[in-house]
Amino acid sequence: PTVSPTPCGVTLFSQNFDSVTAPALPVGWVRSNSSGDATFWVTSTTAPDTPPNDVFIPDQNGVSDKRLDTPVVTITSASAQLSFRNNFNTEHDPPPAEAFWDGGVLEVAAPNVNGGAFTDIINPAVGASFVSGGYTGAINATAGNPLAGRMAWSGDSGGYINTAVNLGPTLNGQAIRLRFRMGTDPTVSAPGWRVDTITIAVP
């Protein structure tokens with residue numbers, strides 16, 4: 001079967017987390033901790049891009065792997081683009097001895113990619129690419145972070161930035177989930193990661 005073309009200017013998914021009372025998540029969102037303390041992703045009123053809420057995970061002092069999955073979204077165009085407001089401040093050492101210790105990544109699960117396993121959004125098997133606000137550095141591989149060696153959002157974004165991703169032809173016609181995933185190493189905490197104003201649309 002072939003997928004019918006989607007007209008331009010169509011929104012396939014949007015979420016600004018403002019329809020719930022913090023710390024609840026909207027219906028269909030799933031949070032889980034593979035490791036770490038009992039702190040999960042939550043909605044927060046502290047510093048949203050659009051009031052009253054954003055979604056937030058702190059950068060903990062200790063090894064952790066904390067995940068937030070979107071509801072299923074069906075992608076109906078090869079030109080679909082994901083965008084969101086991205087605010088991160090995670091453990092890192094600034095230049096000249098720059099090192100990225102904690103950080104976050106974006107993954108996608110699609111039936112036609114790696115057997116449906118969550119895979120980094122810019123993995124060649126996915127075929128997506130950053131338009132703006134992409135990863136800032138590779139997580140240090142020596143300190144036990146579950147994301148060791150992977151490119152991630154790490155350091156200090158200095159507030160909200162625009163992140164945009166061309167999802168590409170591989171995901172066209174697929175029912176996908178996105179995963180926001182934070183990984184931390186054994187020591188030193190930081191403010192954490194905030195996400196808001198998520199949209200998947202055909203420009």
# chains A, B, ... in the order shown; residues from 1 in each chain; ligands from 1
call {"tool": "residues_around", "arguments": {"residues": "Leu147 in chain A", "least_positions_apart": "3", "cutoff": "8 Å", "atoms": "only C-alpha atoms", "output": "PDB file with C-alpha atoms, in the first residue's frame"}}
result
ATOM      1  CA  ILE A 139      29.162  12.098  26.473  1.00  0.00           C
ATOM      2  CA  ARG A 150      26.978   9.201  22.231  1.00  0.00           C
ATOM      3  CA  GLY A 183      21.747   9.882  31.118  1.00  0.00           C
ATOM      4  CA  THR A 184      23.969  10.827  34.059  1.00  0.00           C
TER       5      THR A 184
END
call {"tool": "residues_around", "arguments": {"residues": "range 168-170 of chain A", "least_positions_apart": "5", "cutoff": "12 Å", "atoms": "only C-alpha atoms", "output": "number ranges by chain"}}
result
A: 3, 75-82, 108-114, 121-131, 175-176, 202
call {"tool": "write_last_selection", "arguments": {"atoms": "N, CA and C atoms", "output": "tab-separated table (two decimals), in the first residue's frame"}}
result
chain	number	residue	atom	x	y	z
A	3	VAL	N	1.14	5.50	0.86
A	3	VAL	CA	0.60	6.51	1.75
A	3	VAL	C	0.13	7.69	0.93
A	75	ILE	N	3.34	9.22	10.91
A	75	ILE	CA	3.99	10.18	10.02
A	75	ILE	C	3.46	9.95	8.61
A	76	THR	N	2.94	10.99	7.98
A	76	THR	CA	2.26	10.84	6.70
A	76	THR	C	2.92	11.63	5.57
A	77	SER	N	4.15	12.07	5.79
A	77	SER	CA	4.85	12.80	4.75
A	77	SER	C	6.35	12.65	4.93
A	78	ALA	N	7.08	12.53	3.83
A	78	ALA	CA	8.54	12.46	3.88
A	78	ALA	C	9.16	13.80	4.26
A	79	SER	N	8.37	14.88	4.22
A	79	SER	CA	8.88	16.19	4.59
A	79	SER	C	8.46	16.62	5.99
A	80	ALA	N	7.90	15.71	6.78
A	80	ALA	CA	7.47	16.05	8.14
A	80	ALA	C	8.66	16.52	8.98
A	81	GLN	N	8.40	17.51	9.81
A	81	GLN	CA	9.45	18.08	10.65
A	81	GLN	C	8.99	18.14	12.10
A	82	LEU	N	9.85	17.69	12.99
A	82	LEU	CA	9.65	17.81	14.43
A	82	LEU	C	10.31	19.08	14.91
A	108	VAL	N	13.87	7.41	18.55
A	108	VAL	CA	12.60	7.13	17.89
A	108	VAL	C	12.45	5.62	17.75
A	109	ALA	N	11.23	5.14	17.93
A	109	ALA	CA	10.90	3.73	17.67
A	109	ALA	C	9.92	3.70	16.50
A	110	ALA	N	10.30	2.98	15.46
A	110	ALA	CA	9.46	2.82	14.27
A	110	ALA	C	9.53	1.36	13.84
A	111	PRO	N	8.43	0.80	13.37
A	111	PRO	CA	8.41	-0.63	13.02
A	111	PRO	C	9.45	-1.03	11.98
A	112	ASN	N	9.85	-0.11	11.11
A	112	ASN	CA	10.77	-0.45	10.03
A	112	ASN	C	12.22	-0.09	10.33
A	113	VAL	N	12.54	0.27	11.57
A	113	VAL	CA	13.90	0.64	11.95
A	113	VAL	C	14.35	-0.22	13.11
A	114	ASN	N	15.39	-1.01	12.90
A	114	ASN	CA	15.98	-1.83	13.97
A	114	ASN	C	14.95	-2.66	14.74
A	121	ILE	N	17.82	9.50	16.96
A	121	ILE	CA	17.12	10.17	15.87
A	121	ILE	C	18.03	10.42	14.67
A	122	ILE	N	19.34	10.58	14.89
A	122	ILE	CA	20.24	10.83	13.76
A	122	ILE	C	21.05	9.59	13.39
A	123	ASN	N	20.66	8.43	13.90
A	123	ASN	CA	21.27	7.18	13.44
A	123	ASN	C	20.99	7.04	11.94
A	124	PRO	N	21.96	6.60	11.14
A	124	PRO	CA	21.73	6.47	9.70
A	124	PRO	C	20.54	5.59	9.34
A	125	ALA	N	20.21	4.61	10.20
A	125	ALA	CA	19.05	3.75	9.92
A	125	ALA	C	17.74	4.52	9.97
A	126	VAL	N	17.71	5.61	10.72
A	126	VAL	CA	16.51	6.44	10.82
A	126	VAL	C	16.41	7.41	9.65
A	127	GLY	N	17.54	8.03	9.32
A	127	GLY	CA	17.56	8.94	8.18
A	127	GLY	C	17.07	10.34	8.47
A	128	ALA	N	16.91	10.69	9.74
A	128	ALA	CA	16.50	12.05	10.10
A	128	ALA	C	17.75	12.92	10.27
A	129	SER	N	17.53	14.23	10.33
A	129	SER	CA	18.66	15.15	10.46
A	129	SER	C	18.23	16.42	11.18
A	130	PHE	N	19.14	16.98	11.96
A	130	PHE	CA	18.87	18.24	12.65
A	130	PHE	C	18.89	19.40	11.65
A	131	VAL	N	17.91	20.27	11.80
A	131	VAL	CA	17.89	21.53	11.06
A	131	VAL	C	18.49	22.64	11.92
A	175	ALA	N	4.06	4.45	12.21
A	175	ALA	CA	3.52	4.84	13.51
A	175	ALA	C	4.68	4.84	14.50
A	176	ILE	N	5.11	6.00	14.93
A	176	ILE	CA	6.34	6.13	15.70
A	176	ILE	C	6.05	6.60	17.13
A	202	VAL	N	3.89	19.12	8.72
A	202	VAL	CA	4.36	19.17	7.34
A	202	VAL	C	4.42	20.64	6.97
call {"tool": "closest_residue", "arguments": {"among": "A:Ala99, A:Val55, A:Ala148, A:Ala201", "to": "Asp18 in chain A", "atoms": "only C-alpha atoms"}}
result
A:Val55
call {"tool": "residues_around", "arguments": {"residues": "Arg179 in chain A", "least_positions_apart": "4", "cutoff": "7 Å", "atoms": "only C-alpha atoms", "output": "VMD selection string"}}
result
chain A and resid 67 to 70 106 to 108
call {"tool": "write_last_selection", "arguments": {"atoms": "N, CA, C and O atoms", "output": "PDB file, in the first residue's frame"}}
result
ATOM      1  N   ARG A  67      13.659   8.161  31.035  1.00  0.00           N
ATOM      2  CA  ARG A  67      13.060   8.179  29.713  1.00  0.00           C
ATOM      3  C   ARG A  67      11.639   8.725  29.744  1.00  0.00           C
ATOM      4  O   ARG A  67      10.894   8.464  30.682  1.00  0.00           O
ATOM      5  N   LEU A  68      11.293   9.445  28.686  1.00  0.00           N
ATOM      6  CA  LEU A  68       9.943   9.962  28.507  1.00  0.00           C
ATOM      7  C   LEU A  68       9.526   9.711  27.066  1.00  0.00           C
ATOM      8  O   LEU A  68      10.161  10.219  26.136  1.00  0.00           O
ATOM      9  N   ASP A  69       8.454   8.918  26.884  1.00  0.00           N
ATOM     10  CA  ASP A  69       8.001   8.519  25.552  1.00  0.00           C
ATOM     11  C   ASP A  69       6.700   9.225  25.190  1.00  0.00           C
ATOM     12  O   ASP A  69       5.777   9.325  26.009  1.00  0.00           O
ATOM     13  N   THR A  70       6.633   9.668  23.941  1.00  0.00           N
ATOM     14  CA  THR A  70       5.417  10.302  23.444  1.00  0.00           C
ATOM     15  C   THR A  70       4.355   9.251  23.139  1.00  0.00           C
ATOM     16  O   THR A  70       4.656   8.058  23.043  1.00  0.00           O
ATOM     17  N   LEU A 106      17.564  12.255  21.875  1.00  0.00           N
ATOM     18  CA  LEU A 106      16.239  12.000  21.325  1.00  0.00           C
ATOM     19  C   LEU A 106      16.299  10.712  20.521  1.00  0.00           C
ATOM     20  O   LEU A 106      17.154  10.560  19.645  1.00  0.00           O
ATOM     21  N   GLU A 107      15.403   9.784  20.833  1.00  0.00           N
ATOM     22  CA  GLU A 107      15.336   8.506  20.123  1.00  0.00           C
ATOM     23  C   GLU A 107      13.959   8.331  19.500  1.00  0.00           C
ATOM     24  O   GLU A 107      13.003   9.006  19.876  1.00  0.00           O
ATOM     25  N   VAL A 108      13.867   7.412  18.547  1.00  0.00           N
ATOM     26  CA  VAL A 108      12.599   7.128  17.887  1.00  0.00           C
ATOM     27  C   VAL A 108      12.447   5.622  17.747  1.00  0.00           C
ATOM     28  O   VAL A 108      13.422   4.899  17.499  1.00  0.00           O
TER      29      VAL A 108
END
call {"tool": "atom_distance", "arguments": {"atom1": "CA of Val73 in chain A", "atom2": "CA of Asn172 in chain A"}}
result
11.0 Å
call {"tool": "residues_around", "arguments": {"residues": "Thr46 in chain A", "least_positions_apart": "5", "cutoff": "10 Å", "atoms": "only C-alpha atoms", "output": "list in words"}}
result
Pro51, Pro52, Asn53, Asp54, Val55, Phe56 and Arg194 of chain A
call {"tool": "residues_around", "arguments": {"residues": "Gly192 in chain A", "least_positions_apart": "6", "cutoff": "9 Å", "atoms": "only C-alpha atoms", "output": "list in words"}}
result
Phe56, Ile57, Pro58, Asp59, Gln60, Asn87, Phe88, Asn89, Thr90, Glu91, Gly103 and Met182 of chain A
call {"tool": "write_last_selection", "arguments": {"atoms": "C-alpha atoms", "output": "short mmCIF file (atom, residue, chain, number, x, y, z; two decimals), in the first residue's frame"}}
result
data_model
loop_
_atom_site.label_atom_id
_atom_site.label_comp_id
_atom_site.auth_asym_id
_atom_site.auth_seq_id
_atom_site.Cartn_x
_atom_site.Cartn_y
_atom_site.Cartn_z
CA PHE A 56 11.33 18.41 33.14
CA ILE A 57 13.92 15.96 34.46
CA PRO A 58 16.68 17.03 36.88
CA ASP A 59 20.30 16.04 36.30
CA GLN A 60 20.89 13.81 39.32
CA ASN A 87 16.38 24.05 27.58
CA PHE A 88 19.24 22.07 29.12
CA ASN A 89 21.88 22.67 31.78
CA THR A 90 23.79 19.46 32.52
CA GLU A 91 27.12 18.53 34.10
CA GLY A 103 23.15 14.89 28.85
CA MET A 182 18.57 11.66 30.03
#
call {"tool": "closest_residue", "arguments": {"among": "A:Ser154, A:Thr163, A:Asn145, A:Ser14", "to": "Pro71 in chain A", "atoms": "only C-alpha atoms"}}
result
A:Ser14
call {"tool": "select_by_dssp", "arguments": {"residues": "range 47-124 of chain A", "states": "strand (DSSP E or B)", "output": "JSON, numbers by chain"}}
result
{"A": [54, 55, 56, 57, 58, 59, 64, 65, 66, 67, 68, 69, 73, 74, 81, 82, 83, 84, 85, 86, 87, 88, 89, 92, 93, 99, 100, 103, 104, 105, 106, 107, 108, 109, 119, 120]}
call {"tool": "write_last_selection", "arguments": {"atoms": "N, CA and C atoms", "output": "mmCIF file, in the first residue's frame"}}
result
data_model
loop_
_atom_site.group_PDB
_atom_site.id
_atom_site.type_symbol
_atom_site.label_atom_id
_atom_site.label_comp_id
_atom_site.auth_asym_id
_atom_site.auth_seq_id
_atom_site.Cartn_x
_atom_site.Cartn_y
_atom_site.Cartn_z
ATOM 1 N N ASP A 54 5.976 23.067 31.447
ATOM 2 C CA ASP A 54 6.848 22.359 30.519
ATOM 3 C C ASP A 54 7.006 20.942 31.059
ATOM 4 N N VAL A 55 7.885 20.158 30.480
ATOM 5 C CA VAL A 55 8.199 18.840 31.026
ATOM 6 C C VAL A 55 9.675 18.845 31.392
ATOM 7 N N PHE A 56 10.020 18.176 32.517
ATOM 8 C CA PHE A 56 11.328 18.410 33.143
ATOM 9 C C PHE A 56 11.863 17.142 33.790
ATOM 10 N N ILE A 57 13.205 16.989 33.695
ATOM 11 C CA ILE A 57 13.917 15.965 34.460
ATOM 12 C C ILE A 57 15.187 16.606 35.023
ATOM 13 N N PRO A 58 15.431 16.485 36.341
ATOM 14 C CA PRO A 58 16.682 17.026 36.879
ATOM 15 C C PRO A 58 17.861 16.145 36.507
ATOM 16 N N ASP A 59 19.036 16.746 36.516
ATOM 17 C CA ASP A 59 20.301 16.038 36.299
ATOM 18 C C ASP A 59 20.792 15.581 37.666
ATOM 19 N N SER A 64 22.165 7.361 36.141
ATOM 20 C CA SER A 64 20.737 7.239 35.858
ATOM 21 C C SER A 64 20.487 7.190 34.359
ATOM 22 N N ASP A 65 19.328 6.632 34.007
ATOM 23 C CA ASP A 65 18.866 6.538 32.624
ATOM 24 C C ASP A 65 17.355 6.739 32.666
ATOM 25 N N LYS A 66 16.912 7.975 32.357
ATOM 26 C CA LYS A 66 15.517 8.357 32.585
ATOM 27 C C LYS A 66 14.850 8.728 31.267
ATOM 28 N N ARG A 67 13.659 8.161 31.035
ATOM 29 C CA ARG A 67 13.060 8.179 29.713
ATOM 30 C C ARG A 67 11.639 8.725 29.744
ATOM 31 N N LEU A 68 11.293 9.445 28.686
ATOM 32 C CA LEU A 68 9.943 9.962 28.507
ATOM 33 C C LEU A 68 9.526 9.711 27.066
ATOM 34 N N ASP A 69 8.454 8.918 26.884
ATOM 35 C CA ASP A 69 8.001 8.519 25.552
ATOM 36 C C ASP A 69 6.700 9.225 25.190
ATOM 37 N N VAL A 73 2.534 8.462 17.071
ATOM 38 C CA VAL A 73 2.229 9.462 16.050
ATOM 39 C C VAL A 73 2.467 8.827 14.686
ATOM 40 N N THR A 74 1.502 8.920 13.789
ATOM 41 C CA THR A 74 1.670 8.396 12.438
ATOM 42 C C THR A 74 2.198 9.494 11.530
ATOM 43 N N GLN A 81 8.402 17.507 9.810
ATOM 44 C CA GLN A 81 9.453 18.079 10.650
ATOM 45 C C GLN A 81 8.988 18.137 12.104
ATOM 46 N N LEU A 82 9.853 17.694 12.988
ATOM 47 C CA LEU A 82 9.649 17.809 14.431
ATOM 48 C C LEU A 82 10.313 19.083 14.912
ATOM 49 N N SER A 83 9.634 19.830 15.773
ATOM 50 C CA SER A 83 10.254 20.982 16.411
ATOM 51 C C SER A 83 9.836 21.038 17.874
ATOM 52 N N PHE A 84 10.716 21.542 18.706
ATOM 53 C CA PHE A 84 10.388 21.737 20.117
ATOM 54 C C PHE A 84 11.331 22.767 20.711
ATOM 55 N N ARG A 85 10.930 23.284 21.859
ATOM 56 C CA ARG A 85 11.758 24.219 22.608
ATOM 57 C C ARG A 85 12.553 23.420 23.644
ATOM 58 N N ASN A 86 13.830 23.660 23.686
ATOM 59 C CA ASN A 86 14.789 22.796 24.346
ATOM 60 C C ASN A 86 15.656 23.635 25.284
ATOM 61 N N ASN A 87 15.667 23.273 26.571
ATOM 62 C CA ASN A 87 16.385 24.050 27.583
ATOM 63 C C ASN A 87 17.140 23.069 28.469
ATOM 64 N N PHE A 88 18.454 23.045 28.360
ATOM 65 C CA PHE A 88 19.242 22.069 29.117
ATOM 66 C C PHE A 88 20.422 22.741 29.814
ATOM 67 N N ASN A 89 20.712 22.251 31.010
ATOM 68 C CA ASN A 89 21.881 22.672 31.776
ATOM 69 C C ASN A 89 22.349 21.444 32.538
ATOM 70 N N HIS A 92 28.982 19.454 32.888
ATOM 71 C CA HIS A 92 30.014 19.488 31.856
ATOM 72 C C HIS A 92 31.170 20.340 32.346
ATOM 73 N N ASP A 93 32.342 20.149 31.755
ATOM 74 C CA ASP A 93 33.497 20.991 32.014
ATOM 75 C C ASP A 93 33.669 21.919 30.822
ATOM 76 N N ALA A 99 34.562 18.791 28.622
ATOM 77 C CA ALA A 99 34.103 17.406 28.751
ATOM 78 C C ALA A 99 32.615 17.428 29.053
ATOM 79 N N PHE A 100 31.894 16.506 28.459
ATOM 80 C CA PHE A 100 30.446 16.407 28.632
ATOM 81 C C PHE A 100 30.137 15.142 29.433
ATOM 82 N N GLY A 103 23.857 14.270 29.965
ATOM 83 C CA GLY A 103 23.154 14.893 28.851
ATOM 84 C C GLY A 103 21.941 14.107 28.405
ATOM 85 N N GLY A 104 21.272 14.644 27.393
ATOM 86 C CA GLY A 104 20.042 14.048 26.893
ATOM 87 C C GLY A 104 20.109 13.776 25.401
ATOM 88 N N VAL A 105 19.360 12.772 24.977
ATOM 89 C CA VAL A 105 19.273 12.420 23.561
ATOM 90 C C VAL A 105 17.807 12.261 23.175
ATOM 91 N N LEU A 106 17.564 12.255 21.875
ATOM 92 C CA LEU A 106 16.239 12.000 21.325
ATOM 93 C C LEU A 106 16.299 10.712 20.521
ATOM 94 N N GLU A 107 15.403 9.784 20.833
ATOM 95 C CA GLU A 107 15.336 8.506 20.123
ATOM 96 C C GLU A 107 13.959 8.331 19.500
ATOM 97 N N VAL A 108 13.867 7.412 18.547
ATOM 98 C CA VAL A 108 12.599 7.128 17.887
ATOM 99 C C VAL A 108 12.447 5.622 17.747
ATOM 100 N N ALA A 109 11.225 5.140 17.931
ATOM 101 C CA ALA A 109 10.898 3.735 17.674
ATOM 102 C C ALA A 109 9.922 3.699 16.503
ATOM 103 N N THR A 119 15.930 4.064 18.741
ATOM 104 C CA THR A 119 17.177 4.312 18.035
ATOM 105 C C THR A 119 17.412 5.814 17.967
ATOM 106 N N ASP A 120 18.663 6.241 18.095
ATOM 107 C CA ASP A 120 18.931 7.674 18.066
ATOM 108 C C ASP A 120 18.373 8.321 16.804
#
